[in-house]
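Engineer: Please find data-v9.pdb (PDB, C-alpha atoms and all ligand atoms) on the next line:
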ATOM      1  CA  MET A  22     176.486 189.922  47.209  1.00  0.00           C
ATOM      2  CA  SER A  23     177.623 186.993  49.277  1.00  0.00           C
ATOM      3  CA  ASN A  24     181.144 185.601  49.102  1.00  0.00           C
ATOM      4  CA  THR A  25     181.396 182.375  51.049  1.00  0.00           C
ATOM      5  CA  GLU A  26     184.981 181.156  51.426  1.00  0.00           C
ATOM      6  CA  GLN A  27     186.857 178.452  53.280  1.00  0.00           C
ATOM      7  CA  THR A  28     190.128 178.975  55.119  1.00  0.00           C
ATOM      8  CA  LEU A  29     192.476 176.850  57.195  1.00  0.00           C
ATOM      9  CA  SER A  30     193.007 177.397  60.888  1.00  0.00           C
ATOM     10  CA  ILE A  31     195.562 175.739  63.120  1.00  0.00           C
ATOM     11  CA  ILE A  32     195.455 175.938  66.897  1.00  0.00           C
ATOM     12  CA  LYS A  33     199.169 175.729  67.641  1.00  0.00           C
ATOM     13  CA  PRO A  34     200.849 173.643  70.373  1.00  0.00           C
ATOM     14  CA  ASP A  35     201.032 176.480  72.930  1.00  0.00           C
ATOM     15  CA  ALA A  36     197.246 176.929  72.836  1.00  0.00           C
ATOM     16  CA  VAL A  37     196.369 173.212  72.765  1.00  0.00           C
ATOM     17  CA  GLU A  38     198.658 172.719  75.757  1.00  0.00           C
ATOM     18  CA  ARG A  39     196.853 175.455  77.700  1.00  0.00           C
ATOM     19  CA  ASN A  40     193.434 173.888  76.957  1.00  0.00           C
ATOM     20  CA  LEU A  41     192.288 176.815  74.821  1.00  0.00           C
ATOM     21  CA  VAL A  42     190.758 174.760  71.988  1.00  0.00           C
ATOM     22  CA  GLU A  43     187.123 175.089  73.074  1.00  0.00           C
ATOM     23  CA  LYS A  44     187.524 178.796  73.883  1.00  0.00           C
ATOM     24  CA  ILE A  45     189.035 179.498  70.465  1.00  0.00           C
ATOM     25  CA  LYS A  46     186.395 177.394  68.672  1.00  0.00           C
ATOM     26  CA  ASN A  47     183.689 179.416  70.439  1.00  0.00           C
ATOM     27  CA  ILE A  48     185.281 182.644  69.178  1.00  0.00           C
ATOM     28  CA  PHE A  49     185.175 181.282  65.618  1.00  0.00           C
ATOM     29  CA  VAL A  50     181.508 180.355  65.815  1.00  0.00           C
ATOM     30  CA  LYS A  51     180.523 183.663  67.452  1.00  0.00           C
ATOM     31  CA  ASN A  52     182.223 185.448  64.561  1.00  0.00           C
ATOM     32  CA  ASN A  53     180.319 183.486  61.899  1.00  0.00           C
ATOM     33  CA  LEU A  54     183.219 181.222  61.004  1.00  0.00           C
ATOM     34  CA  ASN A  55     181.623 177.795  60.926  1.00  0.00           C
ATOM     35  CA  ILE A  56     183.785 174.779  61.636  1.00  0.00           C
ATOM     36  CA  LYS A  57     183.284 172.430  58.683  1.00  0.00           C
ATOM     37  CA  ASP A  58     185.884 169.879  59.747  1.00  0.00           C
ATOM     38  CA  SER A  59     188.323 169.575  62.636  1.00  0.00           C
ATOM     39  CA  LYS A  60     190.984 167.144  63.742  1.00  0.00           C
ATOM     40  CA  LYS A  61     193.731 166.891  66.313  1.00  0.00           C
ATOM     41  CA  LEU A  62     197.100 165.619  65.169  1.00  0.00           C
ATOM     42  CA  HIS A  63     200.803 165.771  65.888  1.00  0.00           C
ATOM     43  CA  LEU A  64     203.017 166.661  62.902  1.00  0.00           C
ATOM     44  CA  THR A  65     206.508 165.293  62.415  1.00  0.00           C
ATOM     45  CA  LYS A  66     209.181 167.920  61.893  1.00  0.00           C
ATOM     46  CA  ASP A  67     209.349 166.966  58.189  1.00  0.00           C
ATOM     47  CA  GLU A  68     205.603 167.509  57.810  1.00  0.00           C
ATOM     48  CA  ALA A  69     205.852 170.890  59.562  1.00  0.00           C
ATOM     49  CA  ALA A  70     208.715 171.820  57.219  1.00  0.00           C
ATOM     50  CA  GLU A  71     206.554 170.899  54.220  1.00  0.00           C
ATOM     51  CA  PHE A  72     203.614 172.928  55.537  1.00  0.00           C
ATOM     52  CA  TYR A  73     205.765 176.033  56.180  1.00  0.00           C
ATOM     53  CA  LYS A  74     207.879 175.623  53.011  1.00  0.00           C
ATOM     54  CA  VAL A  75     207.096 179.218  51.918  1.00  0.00           C
ATOM     55  CA  HIS A  76     209.226 180.365  54.865  1.00  0.00           C
ATOM     56  CA  GLN A  77     212.226 178.135  54.132  1.00  0.00           C
ATOM     57  CA  SER A  78     214.581 181.047  53.495  1.00  0.00           C
ATOM     58  CA  LYS A  79     213.655 182.867  56.712  1.00  0.00           C
ATOM     59  CA  PRO A  80     215.971 182.873  59.723  1.00  0.00           C
ATOM     60  CA  PHE A  81     213.153 181.577  61.952  1.00  0.00           C
ATOM     61  CA  TYR A  82     212.243 178.609  59.691  1.00  0.00           C
ATOM     62  CA  ASN A  83     214.006 175.847  61.624  1.00  0.00           C
ATOM     63  CA  ASP A  84     212.684 176.981  65.010  1.00  0.00           C
ATOM     64  CA  LEU A  85     209.207 177.409  63.519  1.00  0.00           C
ATOM     65  CA  CYS A  86     209.159 173.815  62.243  1.00  0.00           C
ATOM     66  CA  THR A  87     210.522 172.468  65.526  1.00  0.00           C
ATOM     67  CA  TYR A  88     207.837 174.402  67.367  1.00  0.00           C
ATOM     68  CA  LEU A  89     204.882 173.379  65.171  1.00  0.00           C
ATOM     69  CA  SER A  90     205.899 169.726  65.581  1.00  0.00           C
ATOM     70  CA  SER A  91     206.509 170.019  69.342  1.00  0.00           C
ATOM     71  CA  GLY A  92     203.037 168.880  70.404  1.00  0.00           C
ATOM     72  CA  PRO A  93     199.466 168.223  69.262  1.00  0.00           C
ATOM     73  CA  ILE A  94     197.686 170.815  67.118  1.00  0.00           C
ATOM     74  CA  VAL A  95     194.063 171.165  66.009  1.00  0.00           C
ATOM     75  CA  VAL A  96     193.479 171.875  62.317  1.00  0.00           C
ATOM     76  CA  MET A  97     190.134 173.143  61.065  1.00  0.00           C
ATOM     77  CA  ILE A  98     188.357 174.185  57.921  1.00  0.00           C
ATOM     78  CA  LEU A  99     186.485 177.428  58.633  1.00  0.00           C
ATOM     79  CA  GLU A 100     183.710 178.597  56.326  1.00  0.00           C
ATOM     80  CA  GLY A 101     181.979 181.943  56.181  1.00  0.00           C
ATOM     81  CA  GLU A 102     181.553 185.267  54.442  1.00  0.00           C
ATOM     82  CA  ASN A 103     185.001 186.483  53.288  1.00  0.00           C
ATOM     83  CA  ALA A 104     186.427 183.814  55.619  1.00  0.00           C
ATOM     84  CA  VAL A 105     190.093 184.285  54.638  1.00  0.00           C
ATOM     85  CA  MET A 106     190.349 187.963  55.517  1.00  0.00           C
ATOM     86  CA  SER A 107     187.740 187.916  58.273  1.00  0.00           C
ATOM     87  CA  TYR A 108     189.687 185.172  60.068  1.00  0.00           C
ATOM     88  CA  ARG A 109     193.027 187.011  59.552  1.00  0.00           C
ATOM     89  CA  LYS A 110     191.467 190.054  61.208  1.00  0.00           C
ATOM     90  CA  LEU A 111     190.077 187.998  64.089  1.00  0.00           C
ATOM     91  CA  MET A 112     193.492 186.357  64.577  1.00  0.00           C
ATOM     92  CA  GLY A 113     195.385 189.642  64.914  1.00  0.00           C
ATOM     93  CA  ALA A 114     198.963 190.619  64.069  1.00  0.00           C
ATOM     94  CA  THR A 115     201.716 187.973  63.942  1.00  0.00           C
ATOM     95  CA  ASN A 116     203.326 189.448  67.054  1.00  0.00           C
ATOM     96  CA  PRO A 117     200.742 189.380  69.892  1.00  0.00           C
ATOM     97  CA  LYS A 118     202.278 192.622  71.198  1.00  0.00           C
ATOM     98  CA  ASP A 119     201.070 194.375  68.045  1.00  0.00           C
ATOM     99  CA  ALA A 120     197.675 192.658  67.887  1.00  0.00           C
ATOM    100  CA  GLU A 121     194.469 194.645  68.330  1.00  0.00           C
ATOM    101  CA  GLU A 122     192.253 194.240  71.404  1.00  0.00           C
ATOM    102  CA  ASN A 123     189.970 191.192  71.352  1.00  0.00           C
ATOM    103  CA  THR A 124     191.895 189.402  68.627  1.00  0.00           C
ATOM    104  CA  ILE A 125     192.835 185.796  69.382  1.00  0.00           C
ATOM    105  CA  ARG A 126     196.550 186.548  69.414  1.00  0.00           C
ATOM    106  CA  LYS A 127     196.046 189.523  71.743  1.00  0.00           C
ATOM    107  CA  LEU A 128     193.935 187.398  74.089  1.00  0.00           C
ATOM    108  CA  TYR A 129     196.049 184.243  74.078  1.00  0.00           C
ATOM    109  CA  GLY A 130     199.360 184.673  72.208  1.00  0.00           C
ATOM    110  CA  ILE A 131     202.511 184.451  74.291  1.00  0.00           C
ATOM    111  CA  SER A 132     205.149 185.660  71.821  1.00  0.00           C
ATOM    112  CA  ILE A 133     205.810 186.033  68.089  1.00  0.00           C
ATOM    113  CA  ASP A 134     206.559 182.309  67.785  1.00  0.00           C
ATOM    114  CA  LYS A 135     204.008 181.034  70.322  1.00  0.00           C
ATOM    115  CA  ASN A 136     201.158 183.046  68.864  1.00  0.00           C
ATOM    116  CA  SER A 137     198.449 180.394  69.362  1.00  0.00           C
ATOM    117  CA  VAL A 138     196.903 180.258  65.883  1.00  0.00           C
ATOM    118  CA  HIS A 139     197.640 180.033  62.178  1.00  0.00           C
ATOM    119  CA  GLY A 140     195.397 181.289  59.377  1.00  0.00           C
ATOM    120  CA  SER A 141     195.761 181.148  55.603  1.00  0.00           C
ATOM    121  CA  ASP A 142     196.782 184.489  54.087  1.00  0.00           C
ATOM    122  CA  SER A 143     194.995 184.212  50.707  1.00  0.00           C
ATOM    123  CA  LEU A 144     192.237 182.226  49.026  1.00  0.00           C
ATOM    124  CA  ASP A 145     194.822 180.366  46.956  1.00  0.00           C
ATOM    125  CA  ASN A 146     196.904 179.395  50.000  1.00  0.00           C
ATOM    126  CA  ALA A 147     193.716 178.477  51.865  1.00  0.00           C
ATOM    127  CA  SER A 148     192.837 175.835  49.294  1.00  0.00           C
ATOM    128  CA  LYS A 149     196.428 174.497  49.272  1.00  0.00           C
ATOM    129  CA  GLU A 150     196.542 174.345  53.068  1.00  0.00           C
ATOM    130  CA  ILE A 151     193.110 172.706  53.304  1.00  0.00           C
ATOM    131  CA  ARG A 152     194.295 170.059  50.821  1.00  0.00           C
ATOM    132  CA  PHE A 153     197.480 169.545  52.853  1.00  0.00           C
ATOM    133  CA  PHE A 154     195.508 168.469  55.922  1.00  0.00           C
ATOM    134  CA  PHE A 155     192.225 167.216  54.477  1.00  0.00           C
ATOM    135  CA  LYS A 156     193.126 165.164  51.410  1.00  0.00           C
ATOM    136  CA  ASN A 157     190.309 162.882  50.356  1.00  0.00           C
TER     137      ASN A 157
HETATM  138  N1  LIG A 201     207.390 183.702  63.105  1.00  0.00           N
HETATM  139  C1  LIG A 201     208.443 183.726  63.995  1.00  0.00           C
HETATM  140  N2  LIG A 201     209.329 184.786  63.955  1.00  0.00           N
HETATM  141  C2  LIG A 201     209.174 185.825  63.091  1.00  0.00           C
HETATM  142  C3  LIG A 201     208.084 185.793  62.191  1.00  0.00           C
HETATM  143  C4  LIG A 201     207.217 184.725  62.219  1.00  0.00           C
HETATM  144  O1  LIG A 201     208.612 182.805  64.796  1.00  0.00           O
HETATM  145  O2  LIG A 201     209.977 186.762  63.118  1.00  0.00           O
HETATM  146  C5  LIG A 201     206.472 182.570  63.123  1.00  0.00           C
HETATM  147  C6  LIG A 201     205.131 182.931  63.746  1.00  0.00           C
HETATM  148  O3  LIG A 201     204.713 181.865  64.571  1.00  0.00           O
HETATM  149  C7  LIG A 201     204.222 183.075  62.548  1.00  0.00           C
HETATM  150  C8  LIG A 201     204.806 182.055  61.572  1.00  0.00           C
HETATM  151  O4  LIG A 201     206.212 182.136  61.805  1.00  0.00           O
HETATM  152  O5  LIG A 201     202.878 182.801  62.892  1.00  0.00           O
HETATM  153  C9  LIG A 201     204.544 182.327  60.117  1.00  0.00           C
HETATM  154  O6  LIG A 201     204.925 183.672  59.818  1.00  0.00           O
HETATM  155  P1  LIG A 201     203.990 184.629  58.962  1.00  0.00           P
HETATM  156  O7  LIG A 201     204.797 185.814  58.606  1.00  0.00           O
HETATM  157  O8  LIG A 201     203.359 183.848  57.863  1.00  0.00           O
HETATM  158  O9  LIG A 201     202.898 185.103  60.041  1.00  0.00           O
HETATM  159  P2  LIG A 201     201.339 184.771  60.151  1.00  0.00           P
HETATM  160  O10 LIG A 201     200.789 184.588  58.764  1.00  0.00           O
HETATM  161  O11 LIG A 201     201.225 183.520  60.985  1.00  0.00           O
HETATM  162  O12 LIG A 201     200.757 185.953  60.857  1.00  0.00           O
HETATM  163 MG    MG A 202     201.452 183.342  57.240  1.00  0.00          MG
END
Can you turn what I pasted into structure tokens?
Structural biologist:
Amino acid sequence: MSNTEQTLSIIKPDAVERNLVEKIKNIFVKNNLNIKDSKKLHLTKDEAAEFYKVHQSKPFYNDLCTYLSSGPIVVMILEGENAVMSYRKLMGATNPKDAEENTIRKLYGISIDKNSVHGSDSLDNASKEIRFFFKN
């Protein structure tokens, strides 16, 4: 039975800066994650803080928000079979050091904070995060 889902991807400032957008988009498409919408933008720190609100009690929250707002990002809606979990798997572990071979974070991540990409962690958060960036 098919289970088409949508999830939210962000190419973070470290990867945009290193001109990895087209390479990462090609990885998505090769892995049957179709790009339904895409835009480049630069968040304010307040917007980054709103996006990452679930992490507000974490010690890394302030640095995370500073980082996400430090330069342009590319946000995308990805669609495909079991897109939420299939994209999480393709992204790899949060810390690139722990990420499996051929995952995006293993290939391109620099460190636990500069780990190149974001992906929604559940179907519910995917729809919230898609709405955050793609309100109609
Ligand atoms: N992060 C960090 N330090 C940590 C844990 C996380 O800087 O100790 C950053 C990292 O960039 C990560 C983001 O916070 O991608 C959100 O953390 P989460 O646990 O949700 O990881 P993810 O879902 O991105 O794998
Ligand atoms: Mg997360």
Engineer: Within 6 Å of ligand LIG 201 (chain A), counting all atoms listed in the file: which residues, as number ranges by chain?
Structural biologist: A: 81, 85, 114-115, 133-136, 139
Engineer: Give as a VMD selection string the residues that the PyMOL selection byres (((not hetatm)) within 9 of (chain A and resi 202)) matches when applied to the coordinates above.
Structural biologist: chain A and resid 73 75 to 76 115 139 to 142
Engineer: With a distance cut-off of 12 Å and all atoms listed in the file, select the neighbouring residues of A:Lys149, excluding the residue or stretch itself and same-chain residues fewer than 4 positions from it, and output the selection as JSON, numbers by chain.
Structural biologist: {"A": [27, 28, 29, 71, 72, 73, 75, 98, 141, 142, 143, 144, 145, 153, 154, 155, 156]}
Engineer: What's the separation between atom CA of A:Leu54 and atom CA of A:Gly92, in Å to one decimal place?
Structural biologist: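 Atom CA of A:Gly92 lies at a distance of 25.2 Å from atom CA of A:Leu54.
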Engineer: Spell out the residues picked by the PyMOL selection byres (((chain A and resi 110) around 10) and not hetatm) here, as an NGL selection string.
Structural biologist: :A and (104-109 or 111-114 or 120-121 or 124-125 or 140)
Engineer: One decimal, in Å: what's the spacing between atom CA of A:Glu26 and atom CA of A:Lys79?
Structural biologist: 29.2 Å
Engineer: Provide the atom CA of A:Gly130 to atom CA of A:Asn52 distance in Å, to one decimal place.
Structural biologist: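 Those two atoms sit 18.8 Å apart.
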Engineer: May I ask you to restore all heavy atoms in stretch 105-116 of chain A and write the result as a short mmCIF file (atom, residue, chain, number, x, y, z; two decimals), in the frame of the given file?
Structural biologist:
data_model
loop_
_atom_site.label_atom_id
_atom_site.label_comp_id
_atom_site.auth_asym_id
_atom_site.auth_seq_id
_atom_site.Cartn_x
_atom_site.Cartn_y
_atom_site.Cartn_z
N VAL A 105 188.63 184.16 54.57
CA VAL A 105 190.09 184.28 54.64
C VAL A 105 190.47 185.57 55.37
O VAL A 105 191.20 185.53 56.38
CB VAL A 105 190.73 184.24 53.23
CG1 VAL A 105 192.23 184.53 53.31
CG2 VAL A 105 190.50 182.88 52.57
N MET A 106 189.97 186.69 54.91
CA MET A 106 190.35 187.96 55.52
C MET A 106 189.64 188.20 56.85
O MET A 106 190.23 188.79 57.76
CB MET A 106 190.09 189.13 54.56
CG MET A 106 191.13 189.20 53.45
SD MET A 106 192.84 189.12 54.09
CE MET A 106 193.65 188.08 52.89
N SER A 107 188.42 187.70 56.99
CA SER A 107 187.74 187.92 58.27
C SER A 107 188.44 187.12 59.37
O SER A 107 188.59 187.61 60.50
CB SER A 107 186.24 187.69 58.16
OG SER A 107 185.88 186.44 58.62
N TYR A 108 188.94 185.93 59.05
CA TYR A 108 189.69 185.17 60.07
C TYR A 108 191.05 185.81 60.35
O TYR A 108 191.50 185.87 61.49
CB TYR A 108 189.82 183.70 59.65
CG TYR A 108 190.69 182.89 60.58
CD1 TYR A 108 190.60 183.03 61.97
CD2 TYR A 108 191.63 182.01 60.08
CE1 TYR A 108 191.41 182.31 62.82
CE2 TYR A 108 192.45 181.27 60.92
CZ TYR A 108 192.34 181.43 62.29
OH TYR A 108 193.16 180.72 63.13
N ARG A 109 191.74 186.31 59.31
CA ARG A 109 193.03 187.01 59.55
C ARG A 109 192.83 188.17 60.53
O ARG A 109 193.64 188.40 61.42
CB ARG A 109 193.61 187.56 58.24
CG ARG A 109 194.15 186.54 57.25
CD ARG A 109 195.40 185.84 57.68
NE ARG A 109 196.53 186.69 57.95
CZ ARG A 109 197.77 186.22 58.20
NH1 ARG A 109 198.01 184.91 58.19
NH2 ARG A 109 198.75 187.03 58.47
N LYS A 110 191.74 188.91 60.34
CA LYS A 110 191.47 190.05 61.21
C LYS A 110 191.19 189.60 62.65
O LYS A 110 191.69 190.18 63.61
CB LYS A 110 190.26 190.82 60.63
CG LYS A 110 190.09 192.20 61.21
CD LYS A 110 189.13 193.02 60.33
CE LYS A 110 189.13 194.49 60.72
NZ LYS A 110 188.87 194.77 62.09
N LEU A 111 190.42 188.53 62.76
CA LEU A 111 190.08 188.00 64.09
C LEU A 111 191.31 187.43 64.80
O LEU A 111 191.41 187.48 66.03
CB LEU A 111 189.03 186.89 63.89
CG LEU A 111 188.41 186.24 65.12
CD1 LEU A 111 187.66 187.28 65.95
CD2 LEU A 111 187.47 185.12 64.68
N MET A 112 192.26 186.92 64.02
CA MET A 112 193.49 186.36 64.58
C MET A 112 194.38 187.44 65.16
O MET A 112 194.99 187.27 66.20
CB MET A 112 194.26 185.70 63.41
CG MET A 112 194.64 184.30 63.68
SD MET A 112 195.48 183.46 62.33
CE MET A 112 196.27 184.64 61.35
N GLY A 113 194.51 188.56 64.47
CA GLY A 113 195.38 189.64 64.91
C GLY A 113 196.79 189.53 64.34
O GLY A 113 197.13 188.54 63.69
N ALA A 114 197.61 190.53 64.63
CA ALA A 114 198.96 190.62 64.07
C ALA A 114 199.82 189.43 64.51
O ALA A 114 199.60 188.84 65.57
CB ALA A 114 199.61 191.92 64.51
N THR A 115 200.82 189.11 63.68
CA THR A 115 201.72 187.97 63.94
C THR A 115 202.32 188.05 65.34
O THR A 115 202.40 187.06 66.06
CB THR A 115 202.85 187.94 62.88
OG1 THR A 115 202.24 187.96 61.58
CG2 THR A 115 203.70 186.70 63.03
N ASN A 116 202.78 189.26 65.71
CA ASN A 116 203.33 189.45 67.05
C ASN A 116 202.20 189.87 68.00
O ASN A 116 201.62 190.95 67.82
CB ASN A 116 204.42 190.53 67.02
CG ASN A 116 205.18 190.58 68.33
OD1 ASN A 116 204.68 190.13 69.36
ND2 ASN A 116 206.38 191.13 68.29
#
